[in-house]
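> Below you'll find protein.tsv; it's TSV, C-alpha atoms.
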```tsv
chain	number	residue	atom	x	y	z
A	1	MET	CA	-65.61	-38.36	24.74
A	2	SER	CA	-69.20	-39.49	24.27
A	3	LEU	CA	-71.55	-41.24	26.66
A	4	LYS	CA	-73.47	-44.29	25.58
A	5	HIS	CA	-76.67	-44.97	27.47
A	6	HIS	CA	-78.02	-48.48	27.77
A	7	GLY	CA	-80.33	-50.18	30.18
A	8	ILE	CA	-83.87	-51.29	30.77
A	9	SER	CA	-87.05	-49.50	31.80
A	10	ILE	CA	-89.73	-51.31	33.77
A	11	GLY	CA	-93.30	-50.05	33.78
A	12	ILE	CA	-96.91	-50.97	34.35
A	13	GLN	CA	-99.47	-50.62	31.59
A	14	ARG	CA	-103.16	-50.79	32.42
A	15	THR	CA	-106.13	-51.12	30.11
A	16	ALA	CA	-109.62	-50.15	31.13
A	17	HIS	CA	-113.07	-50.43	29.60
A	18	ASN	CA	-115.81	-48.07	30.87
A	19	ASN	CA	-113.53	-46.94	33.73
A	20	GLU	CA	-113.22	-50.53	35.00
A	21	LEU	CA	-109.75	-52.06	35.28
A	22	SER	CA	-109.55	-55.06	32.97
A	23	GLU	CA	-105.86	-55.99	32.50
A	24	VAL	CA	-102.48	-55.02	33.90
A	25	PHE	CA	-99.21	-55.66	32.04
A	26	LEU	CA	-95.60	-55.41	33.17
A	27	THR	CA	-93.61	-53.77	30.38
A	28	LEU	CA	-89.87	-54.06	29.81
A	29	LYS	CA	-88.17	-51.75	27.32
A	30	ALA	CA	-84.49	-51.97	26.38
A	31	THR	CA	-82.57	-48.78	25.67
A	32	GLY	CA	-79.41	-48.97	23.60
A	33	THR	CA	-77.48	-52.21	23.22
A	34	LEU	CA	-77.47	-54.49	26.24
A	35	ASN	CA	-74.47	-56.74	26.80
A	36	HIS	CA	-74.18	-60.07	28.60
A	37	ASP	CA	-73.38	-58.44	31.97
A	38	ASP	CA	-76.51	-56.28	31.70
A	39	CYS	CA	-78.64	-59.36	31.07
A	40	LEU	CA	-77.17	-61.14	34.12
A	41	ILE	CA	-78.03	-58.15	36.33
A	42	ILE	CA	-81.58	-57.99	34.97
A	43	ILE	CA	-82.17	-61.71	35.47
A	44	SER	CA	-80.82	-61.67	39.04
A	45	THR	CA	-82.96	-58.62	39.87
A	46	LEU	CA	-86.15	-60.25	38.56
A	47	SER	CA	-85.52	-63.53	40.39
```
Show this structure as structure tokens.

Amino acid sequence: MSLKHHGISIGIQRTAHNNELSEVFLTLKATGTLNHDDCLIIISTLS
């Protein structure tokens, strides 16, 4: 029996120039293959 991992990682990416904060990005990274139910959970969580 094997486990299949799938999901989404949420992170914050910051860029700086001369130690001054310039931009902040929200990053979303999918892991594995997401199905329709996964997408519905993600959308309801972000709403």
> I need the residue nearest Asn35 of chain A from this list: A:His17, A:His6, A:Gly11, A:Glu23. Use only C-alpha atoms for the distance.
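Answer, going by the shortest atom-to-atom distance: A:His6.
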> For atom CA of Ile42 of chain A and atom CA of Gly7 of chain A, quote the distance in Å rounded to one decimal.
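Atom-to-atom, atom CA of Ile42 of chain A and atom CA of Gly7 of chain A are spaced 9.2 Å apart.
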> List the spatial neighbours of Leu34 of chain A as JSON, numbers by chain - criterion: any atom at most 12 Å away, only C-alpha atoms, same-chain residues fewer than 5 positions off excluded.
{"A": [4, 5, 6, 7, 8, 29, 39, 40, 41, 42]}
> Give me segment 12-34 of chain A from this structure - N, CA and C atoms, as an mmCIF file, in the first residue's frame.

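See part28.cif below for the written result:
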```
data_model
loop_
_atom_site.group_PDB
_atom_site.id
_atom_site.type_symbol
_atom_site.label_atom_id
_atom_site.label_comp_id
_atom_site.auth_asym_id
_atom_site.auth_seq_id
_atom_site.Cartn_x
_atom_site.Cartn_y
_atom_site.Cartn_z
ATOM 1 N N ILE A 12 4.654 33.272 2.169
ATOM 2 C CA ILE A 12 4.865 34.693 1.914
ATOM 3 C C ILE A 12 6.290 34.869 1.413
ATOM 4 N N GLN A 13 6.427 35.559 0.308
ATOM 5 C CA GLN A 13 7.740 35.832 -0.268
ATOM 6 C C GLN A 13 7.950 37.341 -0.245
ATOM 7 N N ARG A 14 9.075 37.751 0.310
ATOM 8 C CA ARG A 14 9.370 39.185 0.375
ATOM 9 C C ARG A 14 10.627 39.489 -0.430
ATOM 10 N N THR A 15 10.607 40.635 -1.068
ATOM 11 C CA THR A 15 11.800 41.119 -1.764
ATOM 12 C C THR A 15 12.242 42.416 -1.100
ATOM 13 N N ALA A 16 13.522 42.598 -1.018
ATOM 14 C CA ALA A 16 14.045 43.805 -0.373
ATOM 15 C C ALA A 16 15.203 44.351 -1.201
ATOM 16 N N HIS A 17 15.356 45.660 -1.140
ATOM 17 C CA HIS A 17 16.460 46.334 -1.814
ATOM 18 C C HIS A 17 17.118 47.249 -0.782
ATOM 19 N N ASN A 18 18.411 47.035 -0.523
ATOM 20 C CA ASN A 18 19.148 47.799 0.492
ATOM 21 C C ASN A 18 18.473 47.717 1.862
ATOM 22 N N ASN A 19 18.066 46.492 2.229
ATOM 23 C CA ASN A 19 17.430 46.201 3.520
ATOM 24 C C ASN A 19 16.107 46.930 3.731
ATOM 25 N N GLU A 20 15.494 47.449 2.675
ATOM 26 C CA GLU A 20 14.184 48.072 2.769
ATOM 27 C C GLU A 20 13.161 47.164 2.089
ATOM 28 N N LEU A 21 12.067 46.887 2.767
ATOM 29 C CA LEU A 21 11.016 46.052 2.211
ATOM 30 C C LEU A 21 10.382 46.749 1.012
ATOM 31 N N SER A 22 10.338 46.059 -0.129
ATOM 32 C CA SER A 22 9.767 46.689 -1.309
ATOM 33 C C SER A 22 8.477 46.019 -1.767
ATOM 34 N N GLU A 23 8.409 44.681 -1.752
ATOM 35 C CA GLU A 23 7.215 43.981 -2.210
ATOM 36 C C GLU A 23 7.007 42.711 -1.402
ATOM 37 N N VAL A 24 5.740 42.363 -1.202
ATOM 38 C CA VAL A 24 5.370 41.128 -0.519
ATOM 39 C C VAL A 24 4.419 40.361 -1.428
ATOM 40 N N PHE A 25 4.673 39.057 -1.604
ATOM 41 C CA PHE A 25 3.852 38.214 -2.460
ATOM 42 C C PHE A 25 3.318 37.040 -1.655
ATOM 43 N N LEU A 26 2.070 36.683 -1.904
ATOM 44 C CA LEU A 26 1.496 35.457 -1.374
ATOM 45 C C LEU A 26 1.750 34.376 -2.410
ATOM 46 N N THR A 27 2.379 33.273 -2.000
ATOM 47 C CA THR A 27 2.698 32.207 -2.939
ATOM 48 C C THR A 27 1.842 30.983 -2.646
ATOM 49 N N LEU A 28 1.362 30.349 -3.687
ATOM 50 C CA LEU A 28 0.603 29.107 -3.595
ATOM 51 C C LEU A 28 1.325 28.060 -4.430
ATOM 52 N N LYS A 29 1.624 26.916 -3.832
ATOM 53 C CA LYS A 29 2.314 25.856 -4.552
ATOM 54 C C LYS A 29 1.533 24.556 -4.392
ATOM 55 N N ALA A 30 1.183 23.951 -5.517
ATOM 56 C CA ALA A 30 0.465 22.676 -5.494
ATOM 57 C C ALA A 30 1.459 21.535 -5.403
ATOM 58 N N THR A 31 1.107 20.523 -4.610
ATOM 59 C CA THR A 31 1.922 19.324 -4.476
ATOM 60 C C THR A 31 1.088 18.135 -4.934
ATOM 61 N N GLY A 32 1.605 17.373 -5.860
ATOM 62 C CA GLY A 32 0.860 16.223 -6.365
ATOM 63 C C GLY A 32 -0.233 16.666 -7.317
ATOM 64 N N THR A 33 -1.241 15.833 -7.459
ATOM 65 C CA THR A 33 -2.357 16.117 -8.353
ATOM 66 C C THR A 33 -3.573 16.452 -7.513
ATOM 67 N N LEU A 34 -4.066 17.686 -7.658
ATOM 68 C CA LEU A 34 -5.250 18.098 -6.927
ATOM 69 C C LEU A 34 -6.501 17.678 -7.691
#
```
